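**Q** Provided below: upload08.txt, containing compact mmCIF, N, CA and C atoms.
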# COMPACT_ATOMS: atom_id res chain seq x y z
N MET L 1 1.39 9.22 -49.46
CA MET L 1 0.94 8.73 -50.76
C MET L 1 0.15 7.43 -50.61
N LEU L 2 0.69 6.47 -49.88
CA LEU L 2 -0.01 5.19 -49.67
C LEU L 2 -1.35 5.44 -48.98
N GLU L 3 -1.36 6.32 -47.98
CA GLU L 3 -2.60 6.61 -47.25
C GLU L 3 -3.68 7.13 -48.19
N LYS L 4 -3.32 8.12 -49.01
CA LYS L 4 -4.29 8.71 -49.92
C LYS L 4 -4.77 7.69 -50.94
N SER L 5 -3.86 6.91 -51.49
CA SER L 5 -4.24 5.91 -52.50
C SER L 5 -5.18 4.86 -51.91
N PHE L 6 -4.86 4.40 -50.71
CA PHE L 6 -5.69 3.38 -50.07
C PHE L 6 -7.09 3.94 -49.79
N ILE L 7 -7.16 5.13 -49.22
CA ILE L 7 -8.45 5.74 -48.90
C ILE L 7 -9.25 6.03 -50.17
N ASP L 8 -8.56 6.42 -51.23
CA ASP L 8 -9.21 6.65 -52.52
C ASP L 8 -9.92 5.39 -53.02
N VAL L 9 -9.20 4.28 -53.02
CA VAL L 9 -9.77 3.01 -53.49
C VAL L 9 -10.92 2.59 -52.59
N TYR L 10 -10.70 2.64 -51.28
CA TYR L 10 -11.73 2.24 -50.32
C TYR L 10 -12.98 3.09 -50.48
N ASP L 11 -12.82 4.40 -50.60
CA ASP L 11 -13.96 5.30 -50.77
C ASP L 11 -14.71 5.02 -52.08
N LYS L 12 -14.00 4.73 -53.13
CA LYS L 12 -14.67 4.45 -54.41
C LYS L 12 -15.49 3.17 -54.33
N PHE L 13 -14.98 2.14 -53.66
CA PHE L 13 -15.76 0.92 -53.47
C PHE L 13 -17.01 1.20 -52.63
N LYS L 14 -16.85 1.98 -51.56
CA LYS L 14 -18.01 2.31 -50.72
C LYS L 14 -19.03 3.11 -51.51
N LEU L 15 -18.56 4.09 -52.24
CA LEU L 15 -19.46 4.94 -53.00
C LEU L 15 -20.27 4.12 -54.01
N GLN L 16 -19.61 3.24 -54.72
CA GLN L 16 -20.31 2.38 -55.68
C GLN L 16 -21.30 1.46 -54.97
N PHE L 17 -20.90 0.91 -53.81
CA PHE L 17 -21.78 0.04 -53.04
C PHE L 17 -23.02 0.82 -52.60
N TYR L 18 -22.83 2.01 -52.04
CA TYR L 18 -23.97 2.81 -51.59
C TYR L 18 -24.89 3.15 -52.75
N ARG L 19 -24.33 3.48 -53.88
CA ARG L 19 -25.14 3.79 -55.06
C ARG L 19 -26.03 2.60 -55.40
N LYS L 20 -25.44 1.42 -55.43
CA LYS L 20 -26.20 0.22 -55.77
C LYS L 20 -27.27 -0.07 -54.72
N VAL L 21 -26.91 0.08 -53.43
CA VAL L 21 -27.90 -0.17 -52.37
C VAL L 21 -29.10 0.75 -52.57
N PHE L 22 -28.85 2.02 -52.81
CA PHE L 22 -29.96 2.95 -52.95
C PHE L 22 -30.73 2.76 -54.25
N GLU L 23 -30.08 2.22 -55.28
CA GLU L 23 -30.81 1.87 -56.50
C GLU L 23 -31.77 0.72 -56.22
N LEU L 24 -31.33 -0.23 -55.39
CA LEU L 24 -32.13 -1.42 -55.12
C LEU L 24 -33.19 -1.20 -54.06
N VAL L 25 -32.98 -0.22 -53.19
CA VAL L 25 -33.94 0.07 -52.13
C VAL L 25 -35.10 0.86 -52.73
N ARG L 26 -36.26 0.33 -52.56
CA ARG L 26 -37.46 0.98 -53.10
C ARG L 26 -38.50 1.09 -51.99
N GLU L 27 -39.33 2.09 -52.08
CA GLU L 27 -40.39 2.29 -51.10
C GLU L 27 -41.62 1.50 -51.51
N ARG L 28 -41.55 0.18 -51.43
CA ARG L 28 -42.71 -0.65 -51.69
C ARG L 28 -42.68 -1.85 -50.77
N ASP L 29 -43.79 -2.51 -50.65
CA ASP L 29 -43.91 -3.65 -49.75
C ASP L 29 -42.88 -4.73 -50.09
N GLY L 30 -42.19 -5.19 -49.08
CA GLY L 30 -41.24 -6.28 -49.26
C GLY L 30 -39.84 -5.88 -49.69
N SER L 31 -39.62 -4.61 -50.01
CA SER L 31 -38.28 -4.21 -50.42
C SER L 31 -37.43 -3.91 -49.19
N LEU L 32 -36.15 -3.88 -49.37
CA LEU L 32 -35.22 -3.63 -48.27
C LEU L 32 -35.05 -2.13 -48.03
N SER L 33 -34.90 -1.79 -46.77
CA SER L 33 -34.46 -0.43 -46.43
C SER L 33 -32.94 -0.44 -46.48
N ALA L 34 -32.34 0.72 -46.48
CA ALA L 34 -30.88 0.80 -46.47
C ALA L 34 -30.33 0.13 -45.21
N MET L 35 -30.98 0.34 -44.06
CA MET L 35 -30.54 -0.26 -42.81
C MET L 35 -30.61 -1.79 -42.88
N GLU L 36 -31.65 -2.31 -43.51
CA GLU L 36 -31.78 -3.76 -43.67
C GLU L 36 -30.68 -4.30 -44.58
N ALA L 37 -30.37 -3.55 -45.63
CA ALA L 37 -29.30 -3.98 -46.54
C ALA L 37 -27.97 -4.04 -45.79
N PHE L 38 -27.71 -3.05 -44.94
CA PHE L 38 -26.47 -3.05 -44.16
C PHE L 38 -26.49 -4.18 -43.13
N SER L 39 -27.65 -4.45 -42.55
CA SER L 39 -27.77 -5.56 -41.59
C SER L 39 -27.44 -6.89 -42.26
N LEU L 40 -27.92 -7.08 -43.47
CA LEU L 40 -27.61 -8.31 -44.21
C LEU L 40 -26.11 -8.43 -44.49
N GLU L 41 -25.49 -7.31 -44.80
CA GLU L 41 -24.04 -7.33 -45.02
C GLU L 41 -23.30 -7.79 -43.76
N VAL L 42 -23.72 -7.29 -42.61
CA VAL L 42 -23.08 -7.68 -41.35
C VAL L 42 -23.30 -9.17 -41.10
N ILE L 43 -24.52 -9.65 -41.31
CA ILE L 43 -24.82 -11.07 -41.10
C ILE L 43 -23.96 -11.92 -42.02
N LYS L 44 -23.80 -11.49 -43.25
CA LYS L 44 -22.95 -12.22 -44.21
C LYS L 44 -21.51 -12.30 -43.69
N MET L 45 -20.99 -11.17 -43.26
CA MET L 45 -19.59 -11.13 -42.82
C MET L 45 -19.36 -11.87 -41.50
N LEU L 46 -20.40 -11.98 -40.68
CA LEU L 46 -20.26 -12.73 -39.42
C LEU L 46 -20.40 -14.24 -39.64
N ASN L 47 -20.79 -14.65 -40.84
CA ASN L 47 -20.82 -16.06 -41.23
C ASN L 47 -21.76 -16.90 -40.36
N GLN L 48 -23.05 -16.76 -40.61
CA GLN L 48 -24.10 -17.51 -39.92
C GLN L 48 -24.11 -17.29 -38.41
N PRO L 49 -24.21 -16.04 -37.99
CA PRO L 49 -24.21 -15.77 -36.55
C PRO L 49 -25.54 -16.16 -35.91
N THR L 50 -25.55 -16.21 -34.60
CA THR L 50 -26.80 -16.28 -33.86
C THR L 50 -27.32 -14.84 -33.75
N VAL L 51 -28.55 -14.68 -33.31
CA VAL L 51 -29.09 -13.34 -33.11
C VAL L 51 -28.27 -12.61 -32.06
N SER L 52 -27.84 -13.33 -31.02
CA SER L 52 -27.02 -12.71 -29.96
C SER L 52 -25.70 -12.20 -30.51
N GLN L 53 -25.05 -12.98 -31.36
CA GLN L 53 -23.78 -12.56 -31.95
C GLN L 53 -23.98 -11.33 -32.84
N PHE L 54 -25.07 -11.32 -33.59
CA PHE L 54 -25.41 -10.17 -34.43
C PHE L 54 -25.63 -8.93 -33.57
N ALA L 55 -26.41 -9.07 -32.51
CA ALA L 55 -26.69 -7.95 -31.61
C ALA L 55 -25.41 -7.46 -30.93
N ASP L 56 -24.60 -8.40 -30.45
CA ASP L 56 -23.36 -8.02 -29.77
C ASP L 56 -22.42 -7.28 -30.70
N PHE L 57 -22.29 -7.76 -31.93
CA PHE L 57 -21.38 -7.12 -32.87
C PHE L 57 -21.79 -5.68 -33.15
N LEU L 58 -23.10 -5.46 -33.32
CA LEU L 58 -23.59 -4.11 -33.62
C LEU L 58 -23.83 -3.28 -32.37
N ASN L 59 -23.64 -3.91 -31.22
CA ASN L 59 -23.85 -3.22 -29.95
C ASN L 59 -25.28 -2.67 -29.84
N ILE L 60 -26.24 -3.53 -30.20
CA ILE L 60 -27.66 -3.19 -30.09
C ILE L 60 -28.33 -4.20 -29.17
N SER L 61 -29.53 -3.90 -28.72
CA SER L 61 -30.23 -4.80 -27.81
C SER L 61 -30.66 -6.07 -28.54
N GLN L 62 -30.84 -7.13 -27.78
CA GLN L 62 -31.31 -8.40 -28.33
C GLN L 62 -32.68 -8.21 -28.98
N SER L 63 -33.56 -7.42 -28.35
CA SER L 63 -34.90 -7.22 -28.91
C SER L 63 -34.84 -6.45 -30.22
N ASN L 64 -33.95 -5.47 -30.33
CA ASN L 64 -33.78 -4.72 -31.57
C ASN L 64 -33.26 -5.65 -32.67
N ALA L 65 -32.29 -6.48 -32.33
CA ALA L 65 -31.74 -7.42 -33.31
C ALA L 65 -32.81 -8.42 -33.76
N THR L 66 -33.58 -8.92 -32.81
CA THR L 66 -34.65 -9.87 -33.13
C THR L 66 -35.67 -9.24 -34.07
N TYR L 67 -36.02 -7.99 -33.81
CA TYR L 67 -36.96 -7.27 -34.66
C TYR L 67 -36.41 -7.17 -36.09
N LYS L 68 -35.14 -6.78 -36.22
CA LYS L 68 -34.52 -6.65 -37.55
C LYS L 68 -34.50 -8.00 -38.26
N VAL L 69 -34.10 -9.04 -37.52
CA VAL L 69 -34.02 -10.39 -38.10
C VAL L 69 -35.39 -10.87 -38.55
N ASN L 70 -36.41 -10.69 -37.72
CA ASN L 70 -37.76 -11.13 -38.08
C ASN L 70 -38.26 -10.43 -39.34
N ASN L 71 -37.97 -9.14 -39.49
CA ASN L 71 -38.36 -8.43 -40.71
C ASN L 71 -37.65 -8.99 -41.93
N LEU L 72 -36.36 -9.31 -41.79
CA LEU L 72 -35.60 -9.86 -42.92
C LEU L 72 -36.08 -11.26 -43.29
N ILE L 73 -36.50 -12.02 -42.29
CA ILE L 73 -37.07 -13.35 -42.55
C ILE L 73 -38.40 -13.20 -43.27
N LYS L 74 -39.23 -12.28 -42.79
CA LYS L 74 -40.55 -12.04 -43.40
C LYS L 74 -40.41 -11.63 -44.86
N LYS L 75 -39.36 -10.86 -45.17
CA LYS L 75 -39.15 -10.39 -46.54
C LYS L 75 -38.45 -11.44 -47.41
N GLY L 76 -37.99 -12.54 -46.78
CA GLY L 76 -37.42 -13.64 -47.55
C GLY L 76 -35.92 -13.58 -47.79
N TYR L 77 -35.22 -12.67 -47.11
CA TYR L 77 -33.78 -12.54 -47.32
C TYR L 77 -32.96 -13.39 -46.35
N LEU L 78 -33.61 -13.90 -45.33
CA LEU L 78 -32.92 -14.58 -44.24
C LEU L 78 -33.75 -15.77 -43.79
N GLU L 79 -33.05 -16.81 -43.32
CA GLU L 79 -33.70 -18.00 -42.77
C GLU L 79 -33.04 -18.34 -41.45
N ARG L 80 -33.75 -19.13 -40.64
CA ARG L 80 -33.21 -19.61 -39.37
C ARG L 80 -32.89 -21.08 -39.50
N GLU L 81 -31.80 -21.47 -38.85
CA GLU L 81 -31.43 -22.89 -38.82
C GLU L 81 -31.03 -23.22 -37.39
N ASN L 82 -31.66 -24.25 -36.83
CA ASN L 82 -31.34 -24.64 -35.45
C ASN L 82 -29.87 -25.05 -35.34
N SER L 83 -29.27 -24.66 -34.22
CA SER L 83 -27.89 -25.01 -33.94
C SER L 83 -27.78 -26.51 -33.67
N GLN L 84 -26.73 -27.13 -34.15
CA GLN L 84 -26.49 -28.55 -33.87
C GLN L 84 -26.03 -28.75 -32.43
N VAL L 85 -25.43 -27.73 -31.85
CA VAL L 85 -24.89 -27.81 -30.49
C VAL L 85 -25.98 -27.56 -29.45
N ASP L 86 -26.74 -26.51 -29.64
CA ASP L 86 -27.77 -26.12 -28.68
C ASP L 86 -29.06 -25.87 -29.46
N ARG L 87 -29.99 -26.81 -29.39
CA ARG L 87 -31.22 -26.73 -30.18
C ARG L 87 -32.09 -25.53 -29.82
N ARG L 88 -31.80 -24.87 -28.70
CA ARG L 88 -32.58 -23.69 -28.31
C ARG L 88 -32.18 -22.45 -29.10
N GLU L 89 -30.97 -22.44 -29.66
CA GLU L 89 -30.55 -21.28 -30.44
C GLU L 89 -30.51 -21.63 -31.92
N TYR L 90 -30.55 -20.60 -32.73
CA TYR L 90 -30.50 -20.83 -34.17
C TYR L 90 -29.53 -19.85 -34.81
N HIS L 91 -29.07 -20.25 -35.99
CA HIS L 91 -28.14 -19.43 -36.76
C HIS L 91 -28.89 -18.75 -37.90
N LEU L 92 -28.40 -17.60 -38.28
CA LEU L 92 -29.00 -16.82 -39.36
C LEU L 92 -28.35 -17.22 -40.68
N ILE L 93 -29.17 -17.71 -41.60
CA ILE L 93 -28.70 -18.21 -42.89
C ILE L 93 -29.26 -17.30 -43.98
N LEU L 94 -28.41 -16.86 -44.86
CA LEU L 94 -28.84 -16.02 -45.98
C LEU L 94 -29.57 -16.86 -47.01
N SER L 95 -30.67 -16.33 -47.53
CA SER L 95 -31.51 -17.08 -48.47
C SER L 95 -31.05 -16.88 -49.92
N GLU L 96 -31.66 -17.66 -50.80
CA GLU L 96 -31.40 -17.51 -52.24
C GLU L 96 -31.77 -16.11 -52.72
N LYS L 97 -32.83 -15.56 -52.16
CA LYS L 97 -33.24 -14.20 -52.52
C LYS L 97 -32.13 -13.21 -52.19
N TYR L 98 -31.46 -13.41 -51.06
CA TYR L 98 -30.34 -12.55 -50.69
C TYR L 98 -29.22 -12.67 -51.72
N TYR L 99 -28.88 -13.90 -52.10
CA TYR L 99 -27.76 -14.08 -53.03
C TYR L 99 -28.07 -13.49 -54.40
N HIS L 100 -29.33 -13.53 -54.81
CA HIS L 100 -29.70 -12.87 -56.07
C HIS L 100 -29.49 -11.36 -55.93
N TYR L 101 -29.91 -10.82 -54.80
CA TYR L 101 -29.73 -9.39 -54.51
C TYR L 101 -28.25 -9.04 -54.48
N MET L 102 -27.44 -9.89 -53.82
CA MET L 102 -26.01 -9.62 -53.69
C MET L 102 -25.29 -9.65 -55.02
N ASP L 103 -25.73 -10.50 -55.93
CA ASP L 103 -25.11 -10.53 -57.25
C ASP L 103 -25.14 -9.15 -57.88
N LEU L 104 -26.21 -8.42 -57.63
CA LEU L 104 -26.33 -7.07 -58.18
C LEU L 104 -25.34 -6.11 -57.52
N LEU L 105 -24.99 -6.37 -56.26
CA LEU L 105 -24.08 -5.48 -55.54
C LEU L 105 -22.61 -5.81 -55.75
N THR L 106 -22.29 -7.07 -55.96
CA THR L 106 -20.87 -7.45 -56.06
C THR L 106 -20.34 -7.40 -57.49
N SER L 107 -21.18 -7.12 -58.44
CA SER L 107 -20.72 -7.13 -59.82
C SER L 107 -19.62 -6.09 -60.05
N TYR L 108 -19.66 -4.97 -59.35
CA TYR L 108 -18.64 -3.94 -59.53
C TYR L 108 -17.28 -4.42 -59.03
N GLU L 109 -17.25 -5.06 -57.86
CA GLU L 109 -15.99 -5.57 -57.33
C GLU L 109 -15.37 -6.57 -58.31
N LEU L 110 -16.20 -7.45 -58.85
CA LEU L 110 -15.69 -8.44 -59.81
C LEU L 110 -15.20 -7.77 -61.09
N LYS L 111 -15.87 -6.71 -61.49
CA LYS L 111 -15.44 -5.97 -62.68
C LYS L 111 -14.05 -5.36 -62.44
N VAL L 112 -13.84 -4.78 -61.26
CA VAL L 112 -12.54 -4.18 -60.94
C VAL L 112 -11.45 -5.25 -60.90
N VAL L 113 -11.75 -6.40 -60.31
CA VAL L 113 -10.77 -7.50 -60.26
C VAL L 113 -10.42 -7.95 -61.68
N ARG L 114 -11.42 -8.08 -62.53
CA ARG L 114 -11.16 -8.47 -63.92
C ARG L 114 -10.26 -7.43 -64.60
N ARG L 115 -10.51 -6.15 -64.36
CA ARG L 115 -9.67 -5.10 -64.94
C ARG L 115 -8.26 -5.16 -64.39
N MET L 116 -8.12 -5.49 -63.11
CA MET L 116 -6.79 -5.61 -62.50
C MET L 116 -6.00 -6.73 -63.17
N LYS L 117 -6.67 -7.85 -63.41
CA LYS L 117 -6.00 -8.99 -64.05
C LYS L 117 -5.56 -8.65 -65.47
N GLU L 118 -6.35 -7.83 -66.14
CA GLU L 118 -5.99 -7.40 -67.50
C GLU L 118 -4.85 -6.39 -67.48
N ARG L 119 -4.83 -5.53 -66.48
CA ARG L 119 -3.86 -4.43 -66.43
C ARG L 119 -2.51 -4.84 -65.88
N PHE L 120 -2.50 -5.70 -64.85
CA PHE L 120 -1.26 -6.06 -64.17
C PHE L 120 -0.75 -7.43 -64.61
N SER L 121 0.55 -7.60 -64.52
CA SER L 121 1.15 -8.89 -64.84
C SER L 121 0.68 -9.91 -63.79
N PRO L 122 0.73 -11.21 -64.11
CA PRO L 122 0.36 -12.23 -63.13
C PRO L 122 1.19 -12.13 -61.85
N GLU L 123 2.46 -11.74 -61.99
CA GLU L 123 3.32 -11.59 -60.81
C GLU L 123 2.84 -10.44 -59.92
N ASP L 124 2.53 -9.30 -60.54
CA ASP L 124 2.04 -8.15 -59.78
C ASP L 124 0.69 -8.45 -59.14
N ALA L 125 -0.19 -9.10 -59.89
CA ALA L 125 -1.50 -9.47 -59.34
C ALA L 125 -1.33 -10.44 -58.17
N GLY L 126 -0.39 -11.37 -58.30
CA GLY L 126 -0.11 -12.31 -57.22
C GLY L 126 0.42 -11.61 -55.97
N LYS L 127 1.29 -10.64 -56.17
CA LYS L 127 1.83 -9.87 -55.04
C LYS L 127 0.72 -9.05 -54.37
N LEU L 128 -0.14 -8.45 -55.17
CA LEU L 128 -1.27 -7.71 -54.61
C LEU L 128 -2.18 -8.63 -53.81
N ASP L 129 -2.44 -9.81 -54.35
CA ASP L 129 -3.26 -10.80 -53.64
C ASP L 129 -2.62 -11.15 -52.29
N GLU L 130 -1.33 -11.38 -52.30
CA GLU L 130 -0.61 -11.70 -51.06
C GLU L 130 -0.71 -10.54 -50.06
N MET L 131 -0.53 -9.33 -50.54
CA MET L 131 -0.59 -8.17 -49.65
C MET L 131 -2.00 -7.99 -49.08
N LEU L 132 -3.02 -8.18 -49.90
CA LEU L 132 -4.40 -8.06 -49.42
C LEU L 132 -4.72 -9.13 -48.37
N ARG L 133 -4.20 -10.33 -48.56
CA ARG L 133 -4.41 -11.40 -47.56
C ARG L 133 -3.75 -11.03 -46.23
N VAL L 134 -2.55 -10.48 -46.27
CA VAL L 134 -1.87 -10.06 -45.04
C VAL L 134 -2.67 -8.95 -44.36
N ILE L 135 -3.15 -8.01 -45.14
CA ILE L 135 -3.96 -6.92 -44.58
C ILE L 135 -5.19 -7.49 -43.88
N ALA L 136 -5.92 -8.36 -44.58
CA ALA L 136 -7.16 -8.92 -44.02
C ALA L 136 -6.90 -9.83 -42.82
N ASP L 137 -5.87 -10.66 -42.90
CA ASP L 137 -5.62 -11.67 -41.86
C ASP L 137 -4.82 -11.16 -40.67
N GLU L 138 -3.91 -10.22 -40.90
CA GLU L 138 -2.99 -9.82 -39.82
C GLU L 138 -3.14 -8.37 -39.39
N LEU L 139 -3.42 -7.47 -40.31
CA LEU L 139 -3.37 -6.05 -40.00
C LEU L 139 -4.72 -5.47 -39.61
N MET L 140 -5.74 -6.31 -39.55
CA MET L 140 -7.07 -5.83 -39.17
C MET L 140 -7.63 -6.70 -38.04
N PRO L 141 -6.93 -6.76 -36.91
CA PRO L 141 -7.37 -7.65 -35.82
C PRO L 141 -8.74 -7.28 -35.25
N GLU L 142 -9.18 -6.03 -35.42
CA GLU L 142 -10.48 -5.62 -34.92
C GLU L 142 -11.61 -6.34 -35.63
N CYS L 143 -11.30 -6.87 -36.80
CA CYS L 143 -12.34 -7.53 -37.62
C CYS L 143 -12.32 -9.04 -37.47
N LYS L 144 -11.64 -9.55 -36.47
CA LYS L 144 -11.56 -10.99 -36.26
C LYS L 144 -12.84 -11.58 -35.70
N GLU L 145 -13.88 -10.77 -35.52
CA GLU L 145 -15.16 -11.22 -34.98
C GLU L 145 -15.83 -12.22 -35.91
N ARG L 146 -15.39 -12.29 -37.15
CA ARG L 146 -16.02 -13.15 -38.15
C ARG L 146 -15.80 -14.56 -37.80
Kindly present the structure from the file in structure tokens form.
**A**
Amino acid sequence: MLEKSFIDVYDKFKLQFYRKVFELVRERDGSLSAMEAFSLEVIKMLNQPTVSQFADFLNISQSNATYKVNNLIKKGYLERENSQVDRREYHLILSEKYYHYMDLLTSYELKVVRRMKERFSPEDAGKLDEMLRVIADELMPECKER
């Protein structure tokens, strides 16, 4: 029962996310491809990675990662910032254009959270919050790359 319920919720979030990505992806100059949208998501979750960290996480070549990053910079969704530690490397910073785009994608998650707060008691919502934190922090060690 828990397995099915968890997968149901997870699949519904993914489905809504994919729907929004494909609504926003258009075949015109400067728009994002689906692959670029997913690349931005990875960069966001890695929290200002270097190009090497981005490439390593996705298990792609440095040149492939650089190509993807340069396209995202050209389209205005990404910026480079020199590292304070090693001036030869730079970190990938999400631009204001990205955050405007993301607002369109995260609105569903916020809507569901608002509905949860309305539906569940503060105690139940607090317990769910605690359980989600344990899941994210302890039960998903494969995702500690962030």
**Q** Under the rule that only C-alpha atoms are counted, which of L:Arg88, L:Lys75, L:Lys111, L:Lys4 is the nearest residue to Thr50 in chain L?
**A**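 Using only C-alpha atoms, Thr50 in chain L sits closest to L:Arg88.
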**Q** Atom C of Glu36 in chain L and CA of Val51 in chain L, how far apart in Å?
**A**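 Distance between the two atoms: 14.7 Å.
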**Q** To one decimal place, how far is atom C of Glu142 in chain L from CA of Val42 in chain L in Å?
**A**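 These two atoms are separated by 12.9 Å.
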**Q** Choose the residue, out of L:Phe120, L:Tyr18, L:Phe13, L:Tyr77, that has the smallest atom-to-atom separation from Glu96 in chain L; count only C-alpha atoms.
**A**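 Nearest to Glu96 in chain L: L:Tyr77.
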**Q** Would you kindly return, as a PDB file with N, CA and C atoms, keeping the file's coordinate frame, each protein, DNA or RNA residue with an atom no farther than 10 Å from any atom of Ala125 in chain L, considering only C-alpha atoms and excluding same-chain residues fewer than 6 positions away?
**A**
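Ended up saving to result08.pdb:
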ATOM      1  N   VAL L 113     -11.750  -6.400 -60.310  1.00  0.00           N
ATOM      2  CA  VAL L 113     -10.770  -7.500 -60.260  1.00  0.00           C
ATOM      3  C   VAL L 113     -10.420  -7.950 -61.680  1.00  0.00           C
ATOM      4  N   MET L 116      -8.120  -5.490 -63.110  1.00  0.00           N
ATOM      5  CA  MET L 116      -6.790  -5.610 -62.500  1.00  0.00           C
ATOM      6  C   MET L 116      -6.000  -6.730 -63.170  1.00  0.00           C
ATOM      7  N   LYS L 117      -6.670  -7.850 -63.410  1.00  0.00           N
ATOM      8  CA  LYS L 117      -6.000  -8.990 -64.050  1.00  0.00           C
ATOM      9  C   LYS L 117      -5.560  -8.650 -65.470  1.00  0.00           C
ATOM     10  N   GLU L 118      -6.350  -7.830 -66.140  1.00  0.00           N
ATOM     11  CA  GLU L 118      -5.990  -7.400 -67.500  1.00  0.00           C
ATOM     12  C   GLU L 118      -4.850  -6.390 -67.480  1.00  0.00           C
ATOM     13  N   ARG L 119      -4.830  -5.530 -66.480  1.00  0.00           N
ATOM     14  CA  ARG L 119      -3.860  -4.430 -66.430  1.00  0.00           C
ATOM     15  C   ARG L 119      -2.510  -4.840 -65.880  1.00  0.00           C
ATOM     16  N   MET L 131      -0.530  -9.330 -50.540  1.00  0.00           N
ATOM     17  CA  MET L 131      -0.590  -8.170 -49.650  1.00  0.00           C
ATOM     18  C   MET L 131      -2.000  -7.990 -49.080  1.00  0.00           C
TER      19      MET L 131
END
**Q** Step by step: start from the point (-28.2, 3.6, -46.4) in the file's coordinates, keep every protein, DNA or RNA residue that has an atom no farther than 8 Å from it, count all atoms listed in the file, and write the set as a VMD selection string.
**A** chain L and resid 18 21 to 22 33 to 38
**Q** Would you please work out which residue, of L:Ile93, L:Ser31, L:Lys44, L:Val25, is nearest to Asn71 in chain L when using only C-alpha atoms?
**A**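 So, comparing all the options, the nearest one is L:Ser31.
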**Q** When DSSP works through the backbone of this structure, what residues of range 12-89 of chain L end up as strand (DSSP E), shown as a list in words?
**A** Leu78, Glu79, Arg80, Glu81 and Asn82 of chain L
**Q** Please measure the separation of CA of Val9 in chain L and CA of Leu32 in chain L, giving the value in Å to one decimal.
**A**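 Calculated distance between CA of Val9 in chain L and CA of Leu32 in chain L is 26.8 Å.
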